$ cat run-v4.csv   # CSV, C-alpha atoms
chain,number,residue,atom,x,y,z
N,11,MET,CA,-35.8,-58.9,24.1
N,12,LYS,CA,-32.7,-57.0,22.8
N,13,HIS,CA,-34.8,-55.3,20.2
N,14,TYR,CA,-37.4,-54.4,22.9
N,15,HIS,CA,-34.8,-52.7,25.1
N,16,LYS,CA,-33.2,-50.9,22.0
N,17,ARG,CA,-36.7,-49.6,21.1
N,18,LYS,CA,-37.2,-48.3,24.7
N,19,ARG,CA,-33.8,-46.6,24.7
N,20,GLY,CA,-34.7,-45.0,21.3
N,21,ILE,CA,-38.0,-43.7,22.5
N,22,ALA,CA,-36.3,-42.3,25.7
N,23,ILE,CA,-33.7,-40.5,23.6
N,24,ILE,CA,-36.4,-39.0,21.4
N,25,LEU,CA,-38.5,-37.9,24.4
N,26,PHE,CA,-35.4,-36.3,26.0
N,27,ALA,CA,-34.6,-34.5,22.8
N,28,VAL,CA,-38.2,-33.2,22.6
N,29,LEU,CA,-38.0,-32.0,26.2
N,30,VAL,CA,-34.7,-30.2,25.5
N,31,ILE,CA,-36.0,-28.5,22.4
N,32,SER,CA,-39.2,-27.6,24.1
N,33,PHE,CA,-37.3,-26.0,27.0
N,34,PHE,CA,-35.1,-24.1,24.6
N,35,LEU,CA,-38.0,-22.8,22.6
N,36,SER,CA,-39.9,-21.8,25.8
N,37,TRP,CA,-36.7,-19.9,27.0
N,38,TYR,CA,-35.8,-18.4,23.6
N,39,GLY,CA,-39.4,-17.7,22.7
N,40,THR,CA,-40.7,-16.0,19.5
N,41,ARG,CA,-40.4,-12.6,18.0
N,42,VAL,CA,-43.0,-10.1,19.2
N,43,ASP,CA,-42.8,-8.6,15.7
N,44,SER,CA,-41.5,-10.7,12.9
N,45,ARG,CA,-39.7,-7.6,11.4
N,46,TYR,CA,-37.5,-7.1,14.4
N,47,PHE,CA,-35.2,-9.6,16.2
N,48,THR,CA,-34.6,-7.7,19.4
N,49,TYR,CA,-37.8,-8.2,21.3
N,50,ARG,CA,-39.0,-11.8,22.1
N,51,LYS,CA,-41.8,-13.2,24.1
N,52,THR,CA,-41.9,-16.3,26.3
N,53,ILE,CA,-44.2,-17.8,28.9
N,54,TRP,CA,-42.3,-15.8,31.4
N,55,GLY,CA,-42.6,-12.4,29.8
N,56,ILE,CA,-40.9,-10.2,27.1
N,57,TYR,CA,-37.2,-9.6,26.9
N,58,TYR,CA,-34.7,-7.7,24.8
N,59,ILE,CA,-31.8,-9.5,23.1
N,60,SER,CA,-29.0,-7.7,21.2
N,61,VAL,CA,-28.0,-10.5,18.9
N,62,LYS,CA,-30.0,-12.5,16.3
N,63,HIS,CA,-29.0,-15.9,17.6
N,64,SER,CA,-28.9,-16.9,21.3
N,65,LEU,CA,-25.6,-18.8,20.9
N,66,GLU,CA,-23.9,-15.5,20.0
N,67,LEU,CA,-24.5,-14.5,23.7
N,68,PHE,CA,-21.5,-16.7,24.6
N,69,GLU,CA,-19.2,-14.4,22.7
N,70,HIS,CA,-20.9,-11.0,22.9
N,71,GLY,CA,-24.3,-9.3,23.3
N,72,SER,CA,-26.8,-9.1,26.2
N,73,TYR,CA,-30.4,-9.8,27.1
N,74,ALA,CA,-32.8,-8.8,29.9
N,75,TYR,CA,-36.4,-9.1,30.7
N,76,LEU,CA,-38.6,-6.0,30.7
N,77,HIS,CA,-40.4,-5.2,33.9
N,78,ASN,CA,-44.1,-4.3,34.3
N,79,VAL,CA,-45.0,-4.9,30.6
N,80,ASP,CA,-48.6,-4.7,29.5
N,81,ARG,CA,-48.5,-7.5,26.9
N,82,ASN,CA,-51.8,-6.5,25.3
N,83,THR,CA,-50.5,-3.1,24.3
N,84,PHE,CA,-46.8,-3.9,23.8
N,85,GLU,CA,-45.4,-3.1,20.4
N,86,VAL,CA,-42.0,-2.9,18.8
N,87,LEU,CA,-41.2,0.4,17.1
N,88,ALA,CA,-37.8,-0.4,15.7
N,89,ASP,CA,-35.0,-2.9,16.4
N,90,ASN,CA,-34.1,-1.2,19.7
N,91,TRP,CA,-37.3,0.6,20.6
N,92,ALA,CA,-40.6,-0.6,22.1
N,93,LYS,CA,-43.5,0.7,24.1
N,94,ASP,CA,-46.7,-0.3,25.9
N,95,LYS,CA,-49.5,1.9,27.2
N,96,ASN,CA,-47.4,3.0,30.1
N,97,HIS,CA,-43.7,2.8,29.2
N,98,VAL,CA,-41.1,3.4,26.5
N,99,TRP,CA,-38.0,1.3,26.3
N,100,HIS,CA,-34.7,1.7,24.4
N,101,THR,CA,-33.2,-1.8,24.5
N,102,TYR,CA,-34.2,-2.7,28.1
N,103,ASP,CA,-33.8,0.8,29.6
N,104,LEU,CA,-36.9,2.9,30.4
N,105,LEU,CA,-37.2,6.4,29.0
N,106,GLU,CA,-38.3,8.8,31.8
N,107,ASN,CA,-40.8,11.6,31.5
N,108,VAL,CA,-41.9,10.7,28.0
N,109,ASP,CA,-45.3,11.2,26.5
N,110,VAL,CA,-46.0,7.5,25.8
N,111,GLU,CA,-49.1,8.0,23.7
N,112,THR,CA,-47.4,10.2,21.0
N,113,PHE,CA,-44.0,8.6,21.2
N,114,LYS,CA,-42.8,7.2,17.9
N,115,ILE,CA,-39.7,6.6,15.7
N,116,ASP,CA,-40.1,8.7,12.7
N,117,LYS,CA,-39.3,7.7,9.1
N,118,THR,CA,-35.7,9.0,9.5
N,119,GLY,CA,-35.1,6.9,12.6
N,120,LEU,CA,-35.5,9.8,15.1
N,121,ALA,CA,-37.1,9.1,18.5
N,122,LYS,CA,-39.7,11.8,19.4
N,123,ASP,CA,-43.0,12.6,21.1
N,124,LYS,CA,-45.2,15.6,20.6
N,125,THR,CA,-42.9,18.0,22.4
N,126,HIS,CA,-39.4,16.4,22.6
N,127,VAL,CA,-36.7,14.7,20.5
N,128,TYR,CA,-34.6,12.1,22.2
N,129,VAL,CA,-30.9,11.6,21.6
N,130,SER,CA,-27.9,9.9,23.0
N,131,ASN,CA,-24.2,10.8,22.8
N,132,GLY,CA,-23.3,7.1,22.8
N,133,TYR,CA,-22.3,7.0,26.4
N,134,ASP,CA,-25.5,7.6,28.3
N,135,ASN,CA,-29.2,6.9,28.1
N,136,TYR,CA,-31.5,8.8,25.7
N,137,HIS,CA,-32.5,12.3,26.9
N,138,PRO,CA,-34.4,15.3,25.3
N,139,LEU,CA,-32.5,17.5,22.8
N,140,LEU,CA,-33.1,21.1,23.9
N,141,GLY,CA,-34.1,23.9,21.6
N,142,VAL,CA,-35.4,21.8,18.7
N,143,ASP,CA,-38.8,21.9,17.1
N,144,ALA,CA,-40.0,18.3,17.6
N,145,GLU,CA,-42.6,18.4,14.8
N,146,THR,CA,-40.1,19.2,12.0
N,147,ALA,CA,-37.0,17.6,13.5
N,148,GLU,CA,-35.3,14.8,11.5
N,149,TYR,CA,-32.1,13.0,10.9
N,150,PHE,CA,-31.0,14.4,7.5
N,151,VAL,CA,-27.7,12.6,7.1
N,152,PHE,CA,-25.7,10.0,8.9
N,153,ASN,CA,-22.0,10.6,9.4
N,154,HIS,CA,-20.1,7.9,7.4
N,155,SER,CA,-18.0,6.9,10.5
N,156,GLY,CA,-21.2,5.8,12.1
N,157,GLN,CA,-20.4,7.6,15.4
N,158,TYR,CA,-23.1,10.3,15.3
N,159,SER,CA,-25.9,11.6,13.2
N,160,TRP,CA,-27.0,15.1,12.2
N,161,ILE,CA,-30.4,16.6,13.1
N,162,ARG,CA,-32.2,19.6,11.6
N,163,ASP,CA,-35.5,21.2,12.2
N,164,LYS,CA,-37.3,23.9,10.2
N,165,ASP,CA,-34.8,26.6,11.3
N,166,HIS,CA,-31.5,25.0,12.5
N,167,VAL,CA,-28.9,22.3,12.1
N,168,PHE,CA,-27.7,20.5,15.3
N,169,PHE,CA,-24.3,19.0,15.9
N,170,GLU,CA,-23.3,17.4,19.2
N,171,GLU,CA,-26.6,18.6,20.6
N,172,LYS,CA,-25.9,22.3,19.8
N,173,VAL,CA,-27.1,24.6,17.0
N,174,ILE,CA,-24.3,25.3,14.5
N,175,ASP,CA,-23.9,28.5,12.5
N,176,VAL,CA,-24.6,27.2,8.9
N,177,ASP,CA,-27.2,27.9,6.3
N,178,ARG,CA,-29.9,25.4,7.1
N,179,ASN,CA,-31.2,25.0,3.6
N,180,THR,CA,-28.0,24.5,1.7
N,181,PHE,CA,-25.8,22.7,4.3
N,182,ARG,CA,-24.8,19.2,3.1
N,183,PRO,CA,-21.9,16.7,3.3
N,184,LEU,CA,-19.2,16.8,0.7
N,185,GLY,CA,-19.1,13.3,-0.7
N,186,ASN,CA,-17.7,10.5,1.6
N,187,SER,CA,-15.6,12.9,3.7
N,188,HIS,CA,-15.6,14.9,6.9
N,189,TRP,CA,-16.0,18.1,4.9
N,190,TRP,CA,-19.4,19.9,4.6
N,191,ILE,CA,-20.5,22.9,2.6
N,192,ASP,CA,-23.3,25.4,2.5
N,193,LYS,CA,-23.8,28.2,0.0
N,194,ASP,CA,-20.9,30.2,1.4
N,195,TRP,CA,-18.4,28.1,3.4
N,196,VAL,CA,-16.5,24.9,3.7
N,197,TYR,CA,-16.7,23.2,7.1
N,198,MET,CA,-15.1,20.1,8.8
N,199,ASP,CA,-16.1,17.8,11.6
N,200,SER,CA,-13.4,15.8,13.4
N,201,TRP,CA,-12.6,14.0,16.7
N,202,ASN,CA,-10.6,16.0,19.2
N,203,SER,CA,-8.6,13.6,21.3
N,204,GLU,CA,-7.7,16.3,23.9
N,205,LYS,CA,-11.3,17.3,24.4
N,206,GLN,CA,-12.6,13.8,23.9
N,207,HIS,CA,-15.5,14.8,21.7
N,208,ASN,CA,-16.3,15.8,18.1
N,209,VAL,CA,-15.7,19.3,17.0
N,210,PHE,CA,-17.0,21.3,14.1
N,211,ALA,CA,-15.1,24.2,12.4
N,212,LYS,CA,-15.5,26.7,9.6
N,213,VAL,CA,-12.5,26.2,7.3
N,214,ASP,CA,-12.6,28.4,4.2
N,215,SER,CA,-15.0,30.4,2.0
N,216,LEU,CA,-16.5,28.2,-0.7
N,217,GLN,CA,-14.9,28.3,-4.1
N,218,TYR,CA,-15.0,26.1,-7.3
N,219,PRO,CA,-13.8,23.7,-8.6
N,220,LEU,CA,-14.2,21.6,-5.5
N,221,ASP,CA,-12.3,18.3,-5.5
N,222,THR,CA,-12.0,15.8,-2.6
N,223,LEU,CA,-9.6,13.4,-4.4
N,224,VAL,CA,-10.1,9.8,-3.5
N,225,ALA,CA,-12.4,8.7,-0.7
N,226,GLY,CA,-10.6,9.0,2.6
N,227,SER,CA,-8.2,11.6,1.4
N,228,HIS,CA,-7.3,14.4,3.8
N,229,TYR,CA,-6.8,16.9,1.1
N,230,LEU,CA,-9.4,19.1,-0.6
N,231,ARG,CA,-9.0,21.5,-3.5
N,232,ASN,CA,-11.2,24.5,-2.9
N,233,GLY,CA,-10.9,26.6,-6.0
N,234,ARG,CA,-7.4,28.3,-5.8
N,235,ASN,CA,-6.8,27.0,-2.3
N,236,ILE,CA,-5.7,23.6,-1.0
N,237,ILE,CA,-7.0,22.4,2.4
N,238,PHE,CA,-5.6,19.7,4.7
N,239,PHE,CA,-8.2,18.7,7.3
N,240,SER,CA,-9.3,22.1,8.6
N,241,GLN,CA,-6.2,24.1,7.6
N,242,VAL,CA,-5.6,26.0,4.4
N,243,ILE,CA,-2.0,24.9,3.4
N,244,ALA,CA,-1.7,26.6,0.0
N,245,LYS,CA,-3.6,29.8,-0.9
N,246,ASP,CA,-4.5,31.6,-4.1
N,247,ILE,CA,-2.5,29.4,-6.5
N,248,ASP,CA,-3.2,28.3,-10.1
N,249,VAL,CA,-3.8,24.6,-9.5
N,250,TRP,CA,-2.9,22.6,-12.6
N,251,ARG,CA,-2.0,19.2,-10.9
N,252,PHE,CA,-3.6,17.7,-7.8
N,253,TYR,CA,-3.7,14.0,-6.9
N,254,ASP,CA,-3.3,11.6,-4.1
N,255,VAL,CA,0.0,9.6,-3.9
N,256,GLY,CA,-0.5,7.7,-0.6
N,257,VAL,CA,-1.4,7.9,3.1
N,258,GLY,CA,-1.3,11.5,4.1
N,259,SER,CA,0.5,12.4,0.8
N,260,CYS,CA,-0.6,14.6,-2.0
N,261,ILE,CA,1.0,16.3,-5.1
N,262,VAL,CA,-0.1,19.9,-5.9
N,263,ASN,CA,1.5,21.2,-9.1
N,264,ASP,CA,5.3,20.5,-8.5
N,265,MET,CA,4.9,20.3,-4.7
N,266,LEU,CA,4.8,17.2,-2.5
N,267,PHE,CA,2.8,17.5,0.8
N,268,LYS,CA,3.0,15.0,3.6
N,269,ASP,CA,0.6,15.4,6.5
N,270,GLY,CA,-0.2,18.9,5.3
N,271,LYS,CA,3.4,20.1,5.1
N,272,GLN,CA,5.5,20.5,2.0
N,273,ILE,CA,8.5,18.1,2.0
N,274,LEU,CA,11.5,17.5,-0.3
N,275,LYS,CA,11.3,21.0,-1.7
N,276,ASP,CA,14.0,21.6,-4.4
N,277,THR,CA,15.2,18.0,-3.8
N,278,LEU,CA,12.6,15.7,-5.4
N,279,ASP,CA,11.9,15.7,-9.1
N,280,VAL,CA,8.1,15.6,-8.8
N,281,ASP,CA,7.6,15.1,-12.5
N,282,ASN,CA,9.5,11.8,-12.5
N,283,ALA,CA,8.7,10.7,-9.0
N,284,ARG,CA,7.6,7.1,-8.3
N,285,PHE,CA,5.7,6.3,-5.1
N,286,TYR,CA,5.8,3.0,-3.1
N,287,TYR,CA,4.7,1.6,0.3
N,288,TYR,CA,1.5,3.7,0.6
N,289,GLY,CA,3.4,6.8,-0.4
N,290,HIS,CA,6.1,6.6,2.3
N,291,ILE,CA,8.8,5.7,-0.1
N,292,VAL,CA,9.4,7.9,-3.2
N,293,ALA,CA,12.1,7.7,-5.8
N,294,ASP,CA,13.2,9.9,-8.7
N,295,LYS,CA,16.1,9.4,-11.2
N,296,ARG,CA,18.6,10.5,-8.6
N,297,HIS,CA,17.5,9.6,-5.1
N,298,VAL,CA,15.3,7.4,-2.9
N,299,PHE,CA,13.5,9.0,0.1
N,300,TYR,CA,11.7,7.5,3.1
N,301,GLY,CA,9.3,10.2,4.2
N,302,ASN,CA,11.5,13.4,4.4
N,303,LYS,CA,14.8,11.5,4.6
N,304,GLN,CA,17.1,10.6,1.7
N,305,LEU,CA,18.3,7.0,1.8
N,306,ASP,CA,21.9,6.7,0.8
N,307,GLY,CA,23.5,3.7,-0.9
N,308,ILE,CA,20.6,2.9,-3.2
N,309,ASP,CA,20.9,3.1,-7.0
N,310,ALA,CA,17.8,5.3,-7.8
N,311,PRO,CA,17.5,4.7,-11.6
N,312,SER,CA,17.3,0.9,-11.1
N,313,PHE,CA,15.3,0.9,-7.9
N,314,CYS,CA,11.9,-0.8,-8.2
N,315,GLN,CA,9.3,-2.8,-6.3
N,316,THR,CA,9.2,-6.6,-7.0
N,317,ASN,CA,6.4,-7.6,-4.7
N,318,ASP,CA,4.4,-6.2,-1.7
N,319,ASN,CA,7.3,-5.9,0.7
N,320,THR,CA,10.4,-6.3,-1.5
N,321,PHE,CA,12.4,-3.9,-3.7
N,322,GLU,CA,15.6,-4.1,-5.6
N,323,ASP,CA,18.2,-2.1,-7.4
N,324,LYS,CA,21.1,-3.4,-9.6
N,325,ASN,CA,23.1,-4.4,-6.5
N,326,TYR,CA,20.8,-5.2,-3.6
N,327,ILE,CA,17.5,-6.7,-2.5
N,328,TYR,CA,15.6,-4.6,0.0
N,329,THR,CA,12.9,-6.1,2.3
N,330,ILE,CA,10.5,-3.9,4.4
N,331,LYS,CA,11.3,-4.4,8.1
N,332,ASP,CA,8.7,-5.4,10.6
N,333,GLY,CA,7.4,-2.2,12.2
N,334,ALA,CA,9.1,-0.1,9.5
N,335,TRP,CA,6.7,2.8,10.4
N,336,GLU,CA,8.7,3.5,13.5
N,337,LYS,CA,12.2,3.2,12.1
N,338,ASP,CA,14.4,5.7,10.3
N,339,TYR,CA,15.6,3.1,7.8
N,340,PRO,CA,12.8,0.9,6.5
N,341,PHE,CA,14.8,-2.0,4.8
N,342,ASP,CA,16.7,-5.1,5.6
N,343,LYS,CA,19.4,-5.1,2.8
N,344,GLN,CA,20.9,-8.1,1.1
N,345,LYS,CA,23.5,-8.1,-1.7
N,346,LYS,CA,22.6,-9.8,-4.8
N,347,LYS,CA,24.5,-13.0,-5.7
$ encode --input "run-v4.csv" --output "structure tokens"
Amino acid sequence: MKHYHKRKRGIAIILFAVLVISFFLSWYGTRVDSRYFTYRKTIWGIYYISVKHSLELFEHGSYAYLHNVDRNTFEVLADNWAKDKNHVWHTYDLLENVDVETFKIDKTGLAKDKTHVYVSNGYDNYHPLLGVDAETAEYFVFNHSGQYSWIRDKDHVFFEEKVIDVDRNTFRPLGNSHWWIDKDWVYMDSWNSEKQHNVFAKVDSLQYPLDTLVAGSHYLRNGRNIIFFSQVIAKDIDVWRFYDVGVGSCIVNDMLFKDGKQILKDTLDVDNARFYYYGHIVADKRHVFYGNKQLDGIDAPSFCQTNDNTFEDKNYIYTIKDGAWEKDYPFDKQKKK
């Protein structure tokens, strides 16, 4: 009898598990197109989901059913794009006043129909880009920050939905940076915190050699000129030394620049300078500096770094303080035993 009841309980547990799994599968459904995870179909309809796995919805993501879907003509165009014979959706939002029959996502990822190109500034729904030739329009490069993309057509280049004054055929990004060049000029795009949008500026006439230093550097050698972001900080000089020494810091010949301004002029022996702590601490044979300030009481000839946050000279051990970025003196100091 005991075995009989155990068997019944086992069968009941299995049936319950099957019902739970069946309910989950009927709710979660299957992909409409196996190539894309974002649109799924169930017995109740078709929905958009922004994450690959439903359990991720507990932490982030969203989903919503699409309304008035014609299931027979519904197709997924890309991860976040779909249409049927009557509608076009971006995620689960409908595009208004679009030519559904000719709407497509082109090979560059640009949304378009026969007469319009559709873009978003990241804060609103997709809308037509004015003044662009839809047939020849394309994304031609994606900004490395991932915040926005660049569009061109047969005649123009568009930035922030406006035509910019550049040579369309030679305009291109300069490595992994915010600088751009065409046959005549150096340009830069950047985020303007006051205006709360991206801006584009002509910086300098193009010269050679052209050197962006390391990826992420804010300094550019443009022939005989040195550029910091969109400002020429040294002009018409014979550049024989140019290299990055830390965050916002750069050596040009015998000059040290910090955030685009020359510092420690006639004070630092650049030829014998040693840089630490992402370039914020610099020492030569006579002095140790923190940014633009000389640190007294340190024996410069014996000053050296012993690990990530610790330094020493012949008399003391120096440990980087918490929040040293905001302090005039970066160290906690302890006399050697």
$ closest_residue --input "run-v4.csv" --among "N:Asp281, N:Asp221, N:Asp43, N:Glu69" --to "Phe252 in chain N" --atoms "all atoms listed in the file"
N:Asp221
$ residues_around --input "run-v4.csv" --residues "His77 in chain N" --least-positions-apart "6" --cutoff "10 Å" --atoms "all atoms listed in the file" --output "JSON, numbers by chain"
{"N": [55, 56, 57, 97, 102, 103, 104]}
$ residues_around --input "run-v4.csv" --residues "Val224 in chain N" --least-positions-apart "3" --cutoff "12 Å" --atoms "all atoms listed in the file" --output "PyMOL selection string"
chain N and resi 185-187+221+227-231+252-260
$ closest_residue --input "run-v4.csv" --among "N:Thr52, N:Pro219, N:Trp335, N:Val249" --to "His290 in chain N" --atoms "only C-alpha atoms"
N:Trp335
$ closest_residue --input "run-v4.csv" --among "N:Thr40, N:His126, N:Thr118, N:Asp177" --to "Ile161 in chain N" --atoms "all atoms listed in the file"
N:Thr118
$ closest_residue --input "run-v4.csv" --among "N:Phe47, N:Ala244, N:Tyr149, N:Phe285" --to "Lys271 in chain N" --atoms "only C-alpha atoms"
N:Ala244
$ atom_distance --input "run-v4.csv" --atom1 "CA of Ser60 in chain N" --atom2 "CA of Thr101 in chain N"
8.0 Å
$ atom_distance --input "run-v4.csv" --atom1 "CA of Lys343 in chain N" --atom2 "CA of Leu266 in chain N"
27.2 Å
$ closest_residue --input "run-v4.csv" --among "N:Leu105, N:Leu220, N:Asp269, N:Tyr339" --to "Ile243 in chain N" --atoms "all atoms listed in the file"
N:Asp269
$ residues_around --input "run-v4.csv" --residues "Ser159 in chain N" --least-positions-apart "6" --cutoff "12 Å" --atoms "all atoms listed in the file" --output "PDB file with C-alpha atoms, keeping the file's coordinate frame"
ATOM      1  CA  THR N 118     -35.700   9.000   9.500  1.00  0.00           C
ATOM      2  CA  GLY N 119     -35.100   6.900  12.600  1.00  0.00           C
ATOM      3  CA  LEU N 120     -35.500   9.800  15.100  1.00  0.00           C
ATOM      4  CA  VAL N 129     -30.900  11.600  21.600  1.00  0.00           C
ATOM      5  CA  SER N 130     -27.900   9.900  23.000  1.00  0.00           C
ATOM      6  CA  ASN N 131     -24.200  10.800  22.800  1.00  0.00           C
ATOM      7  CA  GLY N 132     -23.300   7.100  22.800  1.00  0.00           C
ATOM      8  CA  GLU N 148     -35.300  14.800  11.500  1.00  0.00           C
ATOM      9  CA  TYR N 149     -32.100  13.000  10.900  1.00  0.00           C
ATOM     10  CA  PHE N 150     -31.000  14.400   7.500  1.00  0.00           C
ATOM     11  CA  VAL N 151     -27.700  12.600   7.100  1.00  0.00           C
ATOM     12  CA  PHE N 152     -25.700  10.000   8.900  1.00  0.00           C
ATOM     13  CA  ASN N 153     -22.000  10.600   9.400  1.00  0.00           C
ATOM     14  CA  VAL N 167     -28.900  22.300  12.100  1.00  0.00           C
ATOM     15  CA  PHE N 168     -27.700  20.500  15.300  1.00  0.00           C
ATOM     16  CA  PHE N 169     -24.300  19.000  15.900  1.00  0.00           C
ATOM     17  CA  GLU N 170     -23.300  17.400  19.200  1.00  0.00           C
ATOM     18  CA  GLU N 171     -26.600  18.600  20.600  1.00  0.00           C
ATOM     19  CA  PRO N 183     -21.900  16.700   3.300  1.00  0.00           C
ATOM     20  CA  ASP N 199     -16.100  17.800  11.600  1.00  0.00           C
ATOM     21  CA  ASN N 208     -16.300  15.800  18.100  1.00  0.00           C
TER      22      ASN N 208
END
$ residues_around --input "run-v4.csv" --residues "Asn179 in chain N" --least-positions-apart "2" --cutoff "12 Å" --atoms "all atoms listed in the file" --output "PyMOL selection string"
chain N and resi 150+162-167+176-177+181-182+191-194
$ residues_around --input "run-v4.csv" --residues "Lys345 in chain N" --least-positions-apart "6" --cutoff "7 Å" --atoms "only C-alpha atoms" --output "PDB file with C-alpha atoms, keeping the file's coordinate frame"
ATOM      1  CA  ASN N 325      23.100  -4.400  -6.500  1.00  0.00           C
ATOM      2  CA  TYR N 326      20.800  -5.200  -3.600  1.00  0.00           C
ATOM      3  CA  ILE N 327      17.500  -6.700  -2.500  1.00  0.00           C
TER       4      ILE N 327
END
$ closest_residue --input "run-v4.csv" --among "N:Phe238, N:Trp189, N:Tyr58, N:Tyr287" --to "Tyr46 in chain N" --atoms "all atoms listed in the file"
N:Tyr58
$ residues_near_point --input "run-v4.csv" --point "(18.6, 9.3, -6.3)" --cutoff "12 Å" --atoms "only C-alpha atoms" --output "number ranges by chain"
N: 277-279, 282-284, 292-300, 303-313, 323
$ atom_distance --input "run-v4.csv" --atom1 "CA of Tyr197 in chain N" --atom2 "CA of Phe210 in chain N"
7.3 Å
$ residues_near_point --input "run-v4.csv" --point "(-43.1, 14.1, 23.5)" --cutoff "9 Å" --atoms "all atoms listed in the file" --output "list in words"
Asn107, Val108, Asp109, Val110, Glu111, Thr112, Phe113, Lys114, Lys122, Asp123, Lys124, Thr125, His126, Val127, Tyr128, Pro138 and Ala144 of chain N
